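Visitor: run-v9.pdb (PDB, C-alpha atoms) pasted underneath:
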```
ATOM      1  CA  MET A1190     -24.043 -12.962  -6.832  1.00  0.00           C
ATOM      2  CA  ALA A1191     -23.259  -9.340  -7.682  1.00  0.00           C
ATOM      3  CA  LEU A1192     -19.882  -7.903  -6.784  1.00  0.00           C
ATOM      4  CA  THR A1193     -19.629  -5.304  -4.036  1.00  0.00           C
ATOM      5  CA  THR A1194     -17.436  -2.263  -3.586  1.00  0.00           C
ATOM      6  CA  GLN A1195     -15.833  -3.967  -0.593  1.00  0.00           C
ATOM      7  CA  GLN A1196     -14.779  -6.870  -2.817  1.00  0.00           C
ATOM      8  CA  LEU A1197     -12.906  -4.435  -5.046  1.00  0.00           C
ATOM      9  CA  ILE A1198     -11.014  -3.086  -2.043  1.00  0.00           C
ATOM     10  CA  THR A1199     -10.190  -6.654  -0.972  1.00  0.00           C
ATOM     11  CA  TRP A1200      -8.860  -7.368  -4.467  1.00  0.00           C
ATOM     12  CA  LYS A1201      -6.574  -4.334  -4.196  1.00  0.00           C
ATOM     13  CA  GLN A1202      -5.182  -5.732  -0.973  1.00  0.00           C
ATOM     14  CA  GLN A1203      -4.650  -9.064  -2.737  1.00  0.00           C
ATOM     15  CA  SER A1204      -3.082  -7.409  -5.829  1.00  0.00           C
ATOM     16  CA  ARG A1205      -5.786  -8.981  -7.991  1.00  0.00           C
ATOM     17  CA  PRO A1206      -6.203  -6.806 -11.139  1.00  0.00           C
ATOM     18  CA  ILE A1207      -9.686  -5.351 -11.698  1.00  0.00           C
ATOM     19  CA  ILE A1208     -11.267  -5.431 -15.149  1.00  0.00           C
ATOM     20  CA  ALA A1209     -13.615  -2.623 -16.205  1.00  0.00           C
ATOM     21  CA  LEU A1210     -15.348  -1.845 -19.499  1.00  0.00           C
ATOM     22  CA  THR A1211     -18.163   0.418 -20.629  1.00  0.00           C
ATOM     23  CA  ALA A1212     -21.618  -0.580 -21.851  1.00  0.00           C
ATOM     24  CA  TRP A1213     -24.559   1.350 -23.221  1.00  0.00           C
ATOM     25  CA  ASP A1214     -27.214  -1.305 -23.872  1.00  0.00           C
ATOM     26  CA  TYR A1215     -28.606  -4.654 -22.736  1.00  0.00           C
ATOM     27  CA  ALA A1216     -26.872  -6.774 -25.387  1.00  0.00           C
ATOM     28  CA  PHE A1217     -23.352  -5.543 -24.679  1.00  0.00           C
ATOM     29  CA  ALA A1218     -23.965  -5.642 -20.927  1.00  0.00           C
ATOM     30  CA  GLN A1219     -24.867  -9.340 -21.126  1.00  0.00           C
ATOM     31  CA  ILE A1220     -21.735 -10.124 -23.124  1.00  0.00           C
ATOM     32  CA  LEU A1221     -19.422  -8.221 -20.771  1.00  0.00           C
ATOM     33  CA  ASP A1222     -20.981  -9.815 -17.717  1.00  0.00           C
ATOM     34  CA  MET A1223     -20.751 -13.340 -19.125  1.00  0.00           C
ATOM     35  CA  ALA A1224     -17.118 -12.661 -20.093  1.00  0.00           C
ATOM     36  CA  GLY A1225     -16.284 -11.952 -16.442  1.00  0.00           C
ATOM     37  CA  VAL A1226     -15.800  -8.183 -16.461  1.00  0.00           C
ATOM     38  CA  ASP A1227     -15.734  -6.893 -12.868  1.00  0.00           C
ATOM     39  CA  ILE A1228     -17.017  -3.326 -13.303  1.00  0.00           C
ATOM     40  CA  ILE A1229     -19.393  -2.287 -16.068  1.00  0.00           C
ATOM     41  CA  LEU A1230     -19.384   1.480 -16.388  1.00  0.00           C
ATOM     42  CA  VAL A1231     -22.302   3.188 -18.068  1.00  0.00           C
ATOM     43  CA  GLY A1232     -19.989   5.990 -19.067  1.00  0.00           C
ATOM     44  CA  ASP A1233     -21.055   9.308 -20.486  1.00  0.00           C
ATOM     45  CA  SER A1234     -18.855   8.300 -23.414  1.00  0.00           C
ATOM     46  CA  LEU A1235     -22.134   6.845 -24.693  1.00  0.00           C
ATOM     47  CA  ALA A1236     -22.844  10.439 -25.753  1.00  0.00           C
ATOM     48  CA  MET A1237     -20.398   9.824 -28.605  1.00  0.00           C
ATOM     49  CA  VAL A1238     -20.613   6.042 -28.997  1.00  0.00           C
ATOM     50  CA  ALA A1239     -24.394   5.636 -28.914  1.00  0.00           C
ATOM     51  CA  LEU A1240     -25.806   9.114 -29.523  1.00  0.00           C
ATOM     52  CA  GLY A1241     -23.389  10.624 -32.046  1.00  0.00           C
ATOM     53  CA  TYR A1242     -22.281  13.723 -30.133  1.00  0.00           C
ATOM     54  CA  GLN A1243     -18.752  15.127 -30.498  1.00  0.00           C
ATOM     55  CA  THR A1244     -18.140  15.342 -26.728  1.00  0.00           C
ATOM     56  CA  THR A1245     -19.717  13.988 -23.550  1.00  0.00           C
ATOM     57  CA  LEU A1246     -21.229  17.359 -22.626  1.00  0.00           C
ATOM     58  CA  PRO A1247     -24.661  17.191 -24.349  1.00  0.00           C
ATOM     59  CA  VAL A1248     -25.899  13.916 -22.818  1.00  0.00           C
ATOM     60  CA  THR A1249     -28.627  14.428 -20.212  1.00  0.00           C
ATOM     61  CA  LEU A1250     -29.316  12.686 -16.931  1.00  0.00           C
ATOM     62  CA  ASP A1251     -32.529  11.183 -18.329  1.00  0.00           C
ATOM     63  CA  GLU A1252     -30.590   9.749 -21.274  1.00  0.00           C
ATOM     64  CA  MET A1253     -27.948   8.307 -18.952  1.00  0.00           C
ATOM     65  CA  LEU A1254     -30.602   6.692 -16.778  1.00  0.00           C
ATOM     66  CA  HIS A1255     -32.367   5.238 -19.825  1.00  0.00           C
ATOM     67  CA  HIS A1256     -29.155   3.503 -20.924  1.00  0.00           C
ATOM     68  CA  ALA A1257     -28.135   2.544 -17.378  1.00  0.00           C
ATOM     69  CA  ALA A1258     -31.437   0.753 -16.803  1.00  0.00           C
ATOM     70  CA  ALA A1259     -30.951  -1.247 -20.010  1.00  0.00           C
ATOM     71  CA  VAL A1260     -27.411  -2.179 -19.006  1.00  0.00           C
ATOM     72  CA  ARG A1261     -28.414  -3.178 -15.495  1.00  0.00           C
ATOM     73  CA  ARG A1262     -31.079  -5.551 -16.850  1.00  0.00           C
ATOM     74  CA  GLY A1263     -28.344  -7.431 -18.672  1.00  0.00           C
ATOM     75  CA  VAL A1264     -26.026  -7.911 -15.675  1.00  0.00           C
ATOM     76  CA  GLU A1265     -26.040 -10.547 -12.947  1.00  0.00           C
ATOM     77  CA  ARG A1266     -22.482 -10.514 -11.559  1.00  0.00           C
ATOM     78  CA  ALA A1267     -20.598  -7.303 -12.327  1.00  0.00           C
ATOM     79  CA  LEU A1268     -20.740  -4.080 -10.348  1.00  0.00           C
ATOM     80  CA  VAL A1269     -22.590  -1.530 -12.500  1.00  0.00           C
ATOM     81  CA  VAL A1270     -21.641   2.132 -12.113  1.00  0.00           C
ATOM     82  CA  CYS A1271     -23.336   5.045 -13.882  1.00  0.00           C
ATOM     83  CA  ASP A1272     -21.637   8.310 -14.789  1.00  0.00           C
ATOM     84  CA  LEU A1273     -23.379  11.445 -13.621  1.00  0.00           C
ATOM     85  CA  PRO A1274     -23.364  13.670 -16.719  1.00  0.00           C
ATOM     86  CA  PHE A1275     -22.274  17.283 -17.022  1.00  0.00           C
ATOM     87  CA  LEU A1276     -24.343  19.735 -14.953  1.00  0.00           C
ATOM     88  CA  SER A1277     -26.291  17.006 -13.166  1.00  0.00           C
ATOM     89  CA  TYR A1278     -24.245  17.348  -9.950  1.00  0.00           C
ATOM     90  CA  GLN A1279     -22.079  20.477 -10.110  1.00  0.00           C
ATOM     91  CA  GLU A1280     -24.680  23.064  -9.061  1.00  0.00           C
ATOM     92  CA  SER A1281     -25.105  21.896  -5.469  1.00  0.00           C
ATOM     93  CA  THR A1282     -24.868  18.914  -3.168  1.00  0.00           C
ATOM     94  CA  SER A1283     -28.667  18.704  -3.197  1.00  0.00           C
ATOM     95  CA  GLN A1284     -28.671  18.432  -6.980  1.00  0.00           C
ATOM     96  CA  ALA A1285     -26.037  15.688  -6.800  1.00  0.00           C
ATOM     97  CA  ILE A1286     -28.050  13.746  -4.224  1.00  0.00           C
ATOM     98  CA  ARG A1287     -31.157  13.894  -6.417  1.00  0.00           C
ATOM     99  CA  ALA A1288     -29.246  12.788  -9.525  1.00  0.00           C
ATOM    100  CA  ALA A1289     -27.370   9.981  -7.784  1.00  0.00           C
ATOM    101  CA  GLY A1290     -30.482   8.882  -5.929  1.00  0.00           C
ATOM    102  CA  ARG A1291     -32.427   8.669  -9.178  1.00  0.00           C
ATOM    103  CA  ALA A1292     -29.630   6.575 -10.683  1.00  0.00           C
ATOM    104  CA  LEU A1293     -29.822   3.990  -7.902  1.00  0.00           C
ATOM    105  CA  LYS A1294     -33.624   4.001  -7.539  1.00  0.00           C
ATOM    106  CA  GLU A1295     -34.621   4.060 -11.209  1.00  0.00           C
ATOM    107  CA  THR A1296     -31.940   1.866 -12.797  1.00  0.00           C
ATOM    108  CA  GLY A1297     -30.629  -0.482 -10.096  1.00  0.00           C
ATOM    109  CA  VAL A1298     -26.970   0.453 -10.603  1.00  0.00           C
ATOM    110  CA  GLN A1299     -24.801  -0.010  -7.528  1.00  0.00           C
ATOM    111  CA  GLY A1300     -22.832   3.216  -7.731  1.00  0.00           C
ATOM    112  CA  VAL A1301     -22.239   6.480  -9.551  1.00  0.00           C
ATOM    113  CA  LYS A1302     -19.129   8.175 -10.898  1.00  0.00           C
ATOM    114  CA  LEU A1303     -18.421  11.884 -10.951  1.00  0.00           C
ATOM    115  CA  GLU A1304     -15.465  13.851 -12.224  1.00  0.00           C
ATOM    116  CA  GLY A1305     -13.028  16.112 -10.427  1.00  0.00           C
ATOM    117  CA  GLY A1306     -11.253  16.351  -7.107  1.00  0.00           C
ATOM    118  CA  HIS A1307     -11.667  20.037  -6.312  1.00  0.00           C
ATOM    119  CA  PRO A1308     -13.150  20.926  -2.882  1.00  0.00           C
ATOM    120  CA  ALA A1309     -16.773  21.086  -4.084  1.00  0.00           C
ATOM    121  CA  ALA A1310     -16.482  17.648  -5.722  1.00  0.00           C
ATOM    122  CA  VAL A1311     -14.889  16.203  -2.579  1.00  0.00           C
ATOM    123  CA  GLU A1312     -17.714  17.625  -0.481  1.00  0.00           C
ATOM    124  CA  THR A1313     -20.249  16.044  -2.827  1.00  0.00           C
ATOM    125  CA  VAL A1314     -18.537  12.654  -2.620  1.00  0.00           C
ATOM    126  CA  ALA A1315     -18.526  12.853   1.174  1.00  0.00           C
ATOM    127  CA  ARG A1316     -22.219  13.716   1.334  1.00  0.00           C
ATOM    128  CA  LEU A1317     -23.241  10.973  -1.091  1.00  0.00           C
ATOM    129  CA  SER A1318     -21.112   8.433   0.759  1.00  0.00           C
ATOM    130  CA  ASP A1319     -22.622   9.491   4.078  1.00  0.00           C
ATOM    131  CA  ILE A1320     -26.131   8.642   2.872  1.00  0.00           C
ATOM    132  CA  GLY A1321     -25.130   5.284   1.414  1.00  0.00           C
ATOM    133  CA  ILE A1322     -24.539   6.062  -2.258  1.00  0.00           C
ATOM    134  CA  PRO A1323     -21.277   4.449  -3.461  1.00  0.00           C
ATOM    135  CA  VAL A1324     -19.172   6.898  -5.470  1.00  0.00           C
ATOM    136  CA  MET A1325     -16.300   6.336  -7.872  1.00  0.00           C
ATOM    137  CA  GLY A1326     -14.026   9.335  -8.348  1.00  0.00           C
ATOM    138  CA  HIS A1327     -12.262  10.446 -11.524  1.00  0.00           C
ATOM    139  CA  VAL A1328      -9.139  12.623 -11.752  1.00  0.00           C
ATOM    140  CA  GLY A1329      -6.543  13.508 -14.359  1.00  0.00           C
ATOM    141  CA  LEU A1330      -8.089  14.078 -17.762  1.00  0.00           C
ATOM    142  CA  THR A1331     -11.768  14.753 -17.051  1.00  0.00           C
ATOM    143  CA  PRO A1332     -13.725  14.817 -20.343  1.00  0.00           C
ATOM    144  CA  GLN A1333     -16.492  17.016 -18.939  1.00  0.00           C
ATOM    145  CA  SER A1334     -13.817  19.738 -18.640  1.00  0.00           C
ATOM    146  CA  VAL A1335     -12.784  19.432 -22.293  1.00  0.00           C
ATOM    147  CA  ASN A1336     -13.369  23.114 -22.989  1.00  0.00           C
ATOM    148  CA  ARG A1337     -10.881  24.028 -20.263  1.00  0.00           C
ATOM    149  CA  LEU A1338      -8.378  21.173 -20.356  1.00  0.00           C
ATOM    150  CA  GLY A1339      -8.693  19.759 -23.863  1.00  0.00           C
ATOM    151  CA  TYR A1340      -7.747  16.111 -24.310  1.00  0.00           C
ATOM    152  CA  ARG A1341      -4.065  16.485 -23.452  1.00  0.00           C
ATOM    153  CA  GLN A1342      -2.296  14.396 -20.837  1.00  0.00           C
ATOM    154  CA  GLN A1343      -2.609  15.828 -17.331  1.00  0.00           C
ATOM    155  CA  GLY A1344      -0.090  15.823 -14.485  1.00  0.00           C
ATOM    156  CA  THR A1345       2.953  16.457 -16.659  1.00  0.00           C
ATOM    157  CA  THR A1346       4.288  19.307 -14.505  1.00  0.00           C
ATOM    158  CA  GLU A1347       5.261  19.054 -10.859  1.00  0.00           C
ATOM    159  CA  ALA A1348       2.438  21.382  -9.834  1.00  0.00           C
ATOM    160  CA  GLU A1349      -0.175  19.463 -11.833  1.00  0.00           C
ATOM    161  CA  ALA A1350       1.044  16.137 -10.485  1.00  0.00           C
ATOM    162  CA  GLU A1351       0.886  17.387  -6.881  1.00  0.00           C
ATOM    163  CA  ARG A1352      -2.638  18.727  -7.424  1.00  0.00           C
ATOM    164  CA  ILE A1353      -3.894  15.429  -8.893  1.00  0.00           C
ATOM    165  CA  LEU A1354      -2.290  13.428  -6.082  1.00  0.00           C
ATOM    166  CA  LEU A1355      -3.920  15.610  -3.432  1.00  0.00           C
ATOM    167  CA  GLU A1356      -7.273  15.380  -5.234  1.00  0.00           C
ATOM    168  CA  ALA A1357      -7.087  11.584  -5.277  1.00  0.00           C
ATOM    169  CA  ILE A1358      -6.228  11.463  -1.579  1.00  0.00           C
ATOM    170  CA  ALA A1359      -9.069  13.850  -0.736  1.00  0.00           C
ATOM    171  CA  LEU A1360     -11.596  11.778  -2.717  1.00  0.00           C
ATOM    172  CA  SER A1361     -10.457   8.622  -0.946  1.00  0.00           C
ATOM    173  CA  GLU A1362     -10.773  10.272   2.457  1.00  0.00           C
ATOM    174  CA  ALA A1363     -14.243  11.539   1.480  1.00  0.00           C
ATOM    175  CA  GLY A1364     -15.428   7.959   0.990  1.00  0.00           C
ATOM    176  CA  ALA A1365     -14.954   7.143  -2.700  1.00  0.00           C
ATOM    177  CA  PHE A1366     -14.710   3.361  -3.223  1.00  0.00           C
ATOM    178  CA  ALA A1367     -12.420   3.652  -6.271  1.00  0.00           C
ATOM    179  CA  ILE A1368     -10.874   6.320  -8.490  1.00  0.00           C
ATOM    180  CA  VAL A1369     -10.399   6.437 -12.257  1.00  0.00           C
ATOM    181  CA  LEU A1370      -6.997   7.841 -13.254  1.00  0.00           C
ATOM    182  CA  GLU A1371      -7.221   9.056 -16.850  1.00  0.00           C
ATOM    183  CA  HIS A1372      -4.352  10.038 -19.153  1.00  0.00           C
ATOM    184  CA  ILE A1373      -1.707  10.847 -16.554  1.00  0.00           C
ATOM    185  CA  PRO A1374       1.961   9.774 -16.438  1.00  0.00           C
ATOM    186  CA  ALA A1375       2.522   6.200 -15.293  1.00  0.00           C
ATOM    187  CA  LYS A1376       4.863   7.378 -12.521  1.00  0.00           C
ATOM    188  CA  LEU A1377       2.158   9.603 -11.047  1.00  0.00           C
ATOM    189  CA  ALA A1378      -0.443   6.827 -11.298  1.00  0.00           C
ATOM    190  CA  ARG A1379       1.917   4.468  -9.474  1.00  0.00           C
ATOM    191  CA  ILE A1380       2.419   6.971  -6.633  1.00  0.00           C
ATOM    192  CA  ILE A1381      -1.337   7.520  -6.275  1.00  0.00           C
ATOM    193  CA  THR A1382      -2.035   3.782  -6.356  1.00  0.00           C
ATOM    194  CA  THR A1383       0.539   3.156  -3.633  1.00  0.00           C
ATOM    195  CA  LYS A1384      -0.804   5.889  -1.360  1.00  0.00           C
ATOM    196  CA  LEU A1385      -4.497   4.982  -1.558  1.00  0.00           C
ATOM    197  CA  ASP A1386      -6.303   2.169   0.256  1.00  0.00           C
ATOM    198  CA  ILE A1387      -8.995   2.109  -2.460  1.00  0.00           C
ATOM    199  CA  PRO A1388      -8.520   0.770  -6.003  1.00  0.00           C
ATOM    200  CA  THR A1389      -7.290   2.926  -8.851  1.00  0.00           C
ATOM    201  CA  ILE A1390      -8.689   2.161 -12.304  1.00  0.00           C
ATOM    202  CA  GLY A1391      -6.407   3.352 -15.055  1.00  0.00           C
ATOM    203  CA  ILE A1392      -7.131   4.504 -18.581  1.00  0.00           C
ATOM    204  CA  GLY A1393      -3.995   5.786 -20.219  1.00  0.00           C
ATOM    205  CA  ALA A1394      -2.243   5.786 -16.841  1.00  0.00           C
ATOM    206  CA  GLY A1395       0.239   2.928 -17.090  1.00  0.00           C
ATOM    207  CA  SER A1396       0.237  -0.635 -15.838  1.00  0.00           C
ATOM    208  CA  ASP A1397       0.610  -0.061 -12.097  1.00  0.00           C
ATOM    209  CA  CYS A1398      -3.023   0.857 -11.402  1.00  0.00           C
ATOM    210  CA  ASP A1399      -5.155  -1.677  -9.544  1.00  0.00           C
ATOM    211  CA  GLY A1400      -7.359  -2.123 -12.618  1.00  0.00           C
ATOM    212  CA  GLN A1401      -7.837  -0.990 -16.186  1.00  0.00           C
ATOM    213  CA  VAL A1402     -10.842   0.375 -18.078  1.00  0.00           C
ATOM    214  CA  LEU A1403     -11.445   0.954 -21.772  1.00  0.00           C
ATOM    215  CA  VAL A1404     -14.378   2.252 -23.755  1.00  0.00           C
ATOM    216  CA  THR A1405     -15.729  -0.990 -25.209  1.00  0.00           C
ATOM    217  CA  ALA A1406     -16.267   0.568 -28.630  1.00  0.00           C
ATOM    218  CA  ASP A1407     -12.519   1.335 -28.745  1.00  0.00           C
ATOM    219  CA  LEU A1408     -11.591  -2.208 -27.690  1.00  0.00           C
ATOM    220  CA  LEU A1409     -13.816  -3.693 -30.410  1.00  0.00           C
ATOM    221  CA  GLY A1410     -12.701  -1.376 -33.204  1.00  0.00           C
ATOM    222  CA  LEU A1411     -16.097   0.303 -33.504  1.00  0.00           C
ATOM    223  CA  SER A1412     -15.035   3.887 -32.807  1.00  0.00           C
ATOM    224  CA  GLU A1413     -14.558   6.442 -35.569  1.00  0.00           C
ATOM    225  CA  LYS A1414     -11.484   7.660 -33.698  1.00  0.00           C
ATOM    226  CA  GLN A1415      -9.992   6.706 -30.382  1.00  0.00           C
ATOM    227  CA  PRO A1416      -7.485   8.168 -27.910  1.00  0.00           C
ATOM    228  CA  PRO A1417      -3.802   7.267 -28.289  1.00  0.00           C
ATOM    229  CA  PHE A1418      -3.813   5.172 -25.104  1.00  0.00           C
ATOM    230  CA  ALA A1419      -6.681   2.894 -26.231  1.00  0.00           C
ATOM    231  CA  LYS A1420      -6.172  -0.479 -27.896  1.00  0.00           C
ATOM    232  CA  SER A1421      -8.374  -2.302 -30.387  1.00  0.00           C
ATOM    233  CA  TYR A1422      -8.392  -6.085 -29.994  1.00  0.00           C
ATOM    234  CA  VAL A1423     -10.502  -6.678 -33.096  1.00  0.00           C
ATOM    235  CA  ASN A1424     -11.800  -4.651 -36.046  1.00  0.00           C
ATOM    236  CA  LEU A1425     -15.463  -5.374 -35.452  1.00  0.00           C
ATOM    237  CA  LYS A1426     -16.541  -2.569 -37.772  1.00  0.00           C
ATOM    238  CA  GLU A1427     -14.862  -4.384 -40.658  1.00  0.00           C
ATOM    239  CA  ILE A1428     -16.367  -7.746 -39.672  1.00  0.00           C
ATOM    240  CA  ILE A1429     -19.875  -6.303 -39.335  1.00  0.00           C
ATOM    241  CA  THR A1430     -19.586  -4.433 -42.646  1.00  0.00           C
ATOM    242  CA  LYS A1431     -18.505  -7.620 -44.405  1.00  0.00           C
ATOM    243  CA  ALA A1432     -21.430  -9.566 -42.921  1.00  0.00           C
ATOM    244  CA  ILE A1433     -23.916  -6.889 -44.009  1.00  0.00           C
ATOM    245  CA  ASN A1434     -22.406  -6.776 -47.482  1.00  0.00           C
ATOM    246  CA  ASN A1435     -22.736 -10.562 -47.762  1.00  0.00           C
ATOM    247  CA  PHE A1436     -26.360 -10.409 -46.644  1.00  0.00           C
ATOM    248  CA  SER A1437     -27.097  -7.584 -49.065  1.00  0.00           C
ATOM    249  CA  GLN A1438     -25.546  -9.468 -51.963  1.00  0.00           C
ATOM    250  CA  GLU A1439     -27.582 -12.591 -51.209  1.00  0.00           C
ATOM    251  CA  VAL A1440     -30.778 -10.557 -51.073  1.00  0.00           C
ATOM    252  CA  ARG A1441     -30.021  -8.844 -54.394  1.00  0.00           C
ATOM    253  CA  GLU A1442     -29.279 -12.203 -56.013  1.00  0.00           C
ATOM    254  CA  ARG A1443     -32.302 -13.800 -54.335  1.00  0.00           C
ATOM    255  CA  GLU A1444     -30.124 -16.334 -52.541  1.00  0.00           C
ATOM    256  CA  PHE A1445     -31.589 -15.372 -49.159  1.00  0.00           C
ATOM    257  CA  PRO A1446     -33.708 -16.734 -47.636  1.00  0.00           C
TER
END
```
Could you quickly redo this structure as structure tokens?
Guide:
Amino acid sequence: MALTTQQLITWKQQSRPIIALTAWDYAFAQILDMAGVDIILVGDSLAMVALGYQTTLPVTLDEMLHHAAAVRRGVERALVVCDLPFLSYQESTSQAIRAAGRALKETGVQGVKLEGGHPAAVETVARLSDIGIPVMGHVGLTPQSVNRLGYRQQGTTEAEAERILLEAIALSEAGAFAIVLEHIPAKLARIITTKLDIPTIGIGAGSDCDGQVLVTADLLGLSEKQPPFAKSYVNLKEIITKAINNFSQEVREREFP
């Protein structure tokens, strides 16, 4: 039985940590689901991981939906959430409704994620929530704003920290079912987590969030480069390269098949 957004909120109340990872295809989705991951995020990080772009900005809504549909076909238990990519929801609430509606109708994902906690984003979250589309928020370092913010840690000044806290509260009040806190000080993440009734999912935000998310390619050692707050649990690139080299050698020496 698939997880629900309400179950995540119950787990927060029970102090049960929430596990989230990203996926971009059917094969990885199956593995993550069988391993017991709670949230599988079809993140726009696939722009870099799967499509070779330098940032998340170039990926289109159609490309996101293509990958989200593949991921969803591989999942039975986890809650699958799809990122809305850059300029698929910022123009107007109507645009956001169309993009989020397509995500649910065409791929079967159970929710969408959008970045930012400014008033227009909060209004969009409220409207989507009102019509039954579950929304995950995202504050702190927002990669779609890379050209304005860069990749530096956010919330390091008192003014920044206050702004991020108020954004998180506003998103929660607008109906978001969870909020990603990316690359902010652990103290700020702890304050936000304490104040909200919905789960916080941290990435580079300390250990006091209700859950943690990583880009799966970073976890597996497949990324060309990764942020300082990520952790690789295995060097899969090295293992795969060795396997391919062994296969190639056997073919050259006519040992395979």
Visitor: Apply the PyMOL selection byres ((chain A and resi 1350) around 12) to the structure shown and report the selected residues as a PyMOL selection string.
Guide: chain A and resi 1328-1330+1342-1349+1351-1357+1370+1372-1381
Visitor: Would you export the selected residues with C-alpha atoms as a tab-separated table (two decimals), in the frame of the given file, please?
Guide:
```
chain	number	residue	atom	x	y	z
A	1328	VAL	CA	-9.14	12.62	-11.75
A	1329	GLY	CA	-6.54	13.51	-14.36
A	1330	LEU	CA	-8.09	14.08	-17.76
A	1342	GLN	CA	-2.30	14.40	-20.84
A	1343	GLN	CA	-2.61	15.83	-17.33
A	1344	GLY	CA	-0.09	15.82	-14.48
A	1345	THR	CA	2.95	16.46	-16.66
A	1346	THR	CA	4.29	19.31	-14.50
A	1347	GLU	CA	5.26	19.05	-10.86
A	1348	ALA	CA	2.44	21.38	-9.83
A	1349	GLU	CA	-0.18	19.46	-11.83
A	1351	GLU	CA	0.89	17.39	-6.88
A	1352	ARG	CA	-2.64	18.73	-7.42
A	1353	ILE	CA	-3.89	15.43	-8.89
A	1354	LEU	CA	-2.29	13.43	-6.08
A	1355	LEU	CA	-3.92	15.61	-3.43
A	1356	GLU	CA	-7.27	15.38	-5.23
A	1357	ALA	CA	-7.09	11.58	-5.28
A	1370	LEU	CA	-7.00	7.84	-13.25
A	1372	HIS	CA	-4.35	10.04	-19.15
A	1373	ILE	CA	-1.71	10.85	-16.55
A	1374	PRO	CA	1.96	9.77	-16.44
A	1375	ALA	CA	2.52	6.20	-15.29
A	1376	LYS	CA	4.86	7.38	-12.52
A	1377	LEU	CA	2.16	9.60	-11.05
A	1378	ALA	CA	-0.44	6.83	-11.30
A	1379	ARG	CA	1.92	4.47	-9.47
A	1380	ILE	CA	2.42	6.97	-6.63
A	1381	ILE	CA	-1.34	7.52	-6.28
```
Visitor: Which residues, protein or nucleic acid, reach to within 9 Å of (-26.6, 18.6, -19.9) in the file's coordinates when using all atoms listed in the file, and can you give that as a list of chain:residue names?
Guide: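 Checking each residue against the 9 Å limit leaves A:Leu1246, A:Pro1247, A:Val1248, A:Thr1249, A:Leu1250, A:Pro1274, A:Phe1275, A:Leu1276, A:Ser1277.
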Visitor: When you draw a straight line from CA of Met1253 in chain A to CA of Pro1308 in chain A, how long is it in Å?
Guide: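 Between CA of Met1253 in chain A and CA of Pro1308 in chain A the gap works out to 25.2 Å.
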Visitor: Evaluating the PyMOL selection byres ((chain A and resi 1358-1364) around 12) on the displayed file yields which residues, as a ChimeraX atom specification?
Guide: /A:1194,1198,1302-1328,1351-1357,1365-1369,1380-1389
Visitor: Smallest atom-to-atom distance to Ala1285 in chain A: which of A:Ile1220, A:Ala1259, A:Leu1411, A:Val1301, using all atoms listed in the file?
Guide: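 Of A:Ile1220, A:Ala1259, A:Leu1411, A:Val1301, the one nearest Ala1285 in chain A, counting all atoms listed in the file, is A:Val1301.
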Visitor: For the structure shown, which residues end up in the PyMOL selection byres ((chain A and resi 1227-1244) around 6)? Put them as a PyMOL selection string, please?
Guide: chain A and resi 1208-1213+1226+1245-1246+1248+1257+1267-1272
Visitor: Could you turn the residues from that selection into a file that holds C-alpha atoms, as a CSV table (one decimal), in the coordinates of the input?
Guide:
```csv
chain,number,residue,atom,x,y,z
A,1208,ILE,CA,-11.3,-5.4,-15.1
A,1209,ALA,CA,-13.6,-2.6,-16.2
A,1210,LEU,CA,-15.3,-1.8,-19.5
A,1211,THR,CA,-18.2,0.4,-20.6
A,1212,ALA,CA,-21.6,-0.6,-21.9
A,1213,TRP,CA,-24.6,1.4,-23.2
A,1226,VAL,CA,-15.8,-8.2,-16.5
A,1245,THR,CA,-19.7,14.0,-23.6
A,1246,LEU,CA,-21.2,17.4,-22.6
A,1248,VAL,CA,-25.9,13.9,-22.8
A,1257,ALA,CA,-28.1,2.5,-17.4
A,1267,ALA,CA,-20.6,-7.3,-12.3
A,1268,LEU,CA,-20.7,-4.1,-10.3
A,1269,VAL,CA,-22.6,-1.5,-12.5
A,1270,VAL,CA,-21.6,2.1,-12.1
A,1271,CYS,CA,-23.3,5.0,-13.9
A,1272,ASP,CA,-21.6,8.3,-14.8
```
Visitor: Choose the residue, out of A:Lys1414, A:Lys1431, A:Lys1420, A:Arg1261, that has the smallest atom-to-atom separation from Gln1401 in chain A; count all atoms listed in the file.
Guide: A:Lys1420
Visitor: I'd like the interatomic distance between CA of Thr1430 in chain A and CA of Pro1417 in chain A, to a tenth of an Å.
Guide: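 Atom-to-atom, CA of Thr1430 in chain A and CA of Pro1417 in chain A are spaced 24.3 Å apart.
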Visitor: Select range 1234-1240 of chain A in the preceding structure and write N, CA and C atoms to a file as a compact mmCIF listing (two decimals), in the first residue's frame.
Guide:
```txt
# COMPACT_ATOMS: atom_id res chain seq x y z
N SER A 1234 17.22 17.69 -10.24
CA SER A 1234 18.64 17.34 -10.28
C SER A 1234 18.93 16.35 -11.40
N LEU A 1235 17.88 15.68 -11.91
CA LEU A 1235 18.09 14.76 -13.03
C LEU A 1235 18.61 15.52 -14.26
N ALA A 1236 18.41 16.84 -14.27
CA ALA A 1236 18.96 17.65 -15.36
C ALA A 1236 20.46 17.43 -15.47
N MET A 1237 21.13 17.32 -14.31
CA MET A 1237 22.58 17.11 -14.29
C MET A 1237 22.92 15.62 -14.28
N VAL A 1238 22.20 14.85 -13.45
CA VAL A 1238 22.53 13.44 -13.28
C VAL A 1238 22.23 12.61 -14.52
N ALA A 1239 21.06 12.84 -15.13
CA ALA A 1239 20.63 12.01 -16.25
C ALA A 1239 20.80 12.66 -17.61
N LEU A 1240 20.79 14.00 -17.65
CA LEU A 1240 20.76 14.70 -18.93
C LEU A 1240 22.03 15.48 -19.23
```
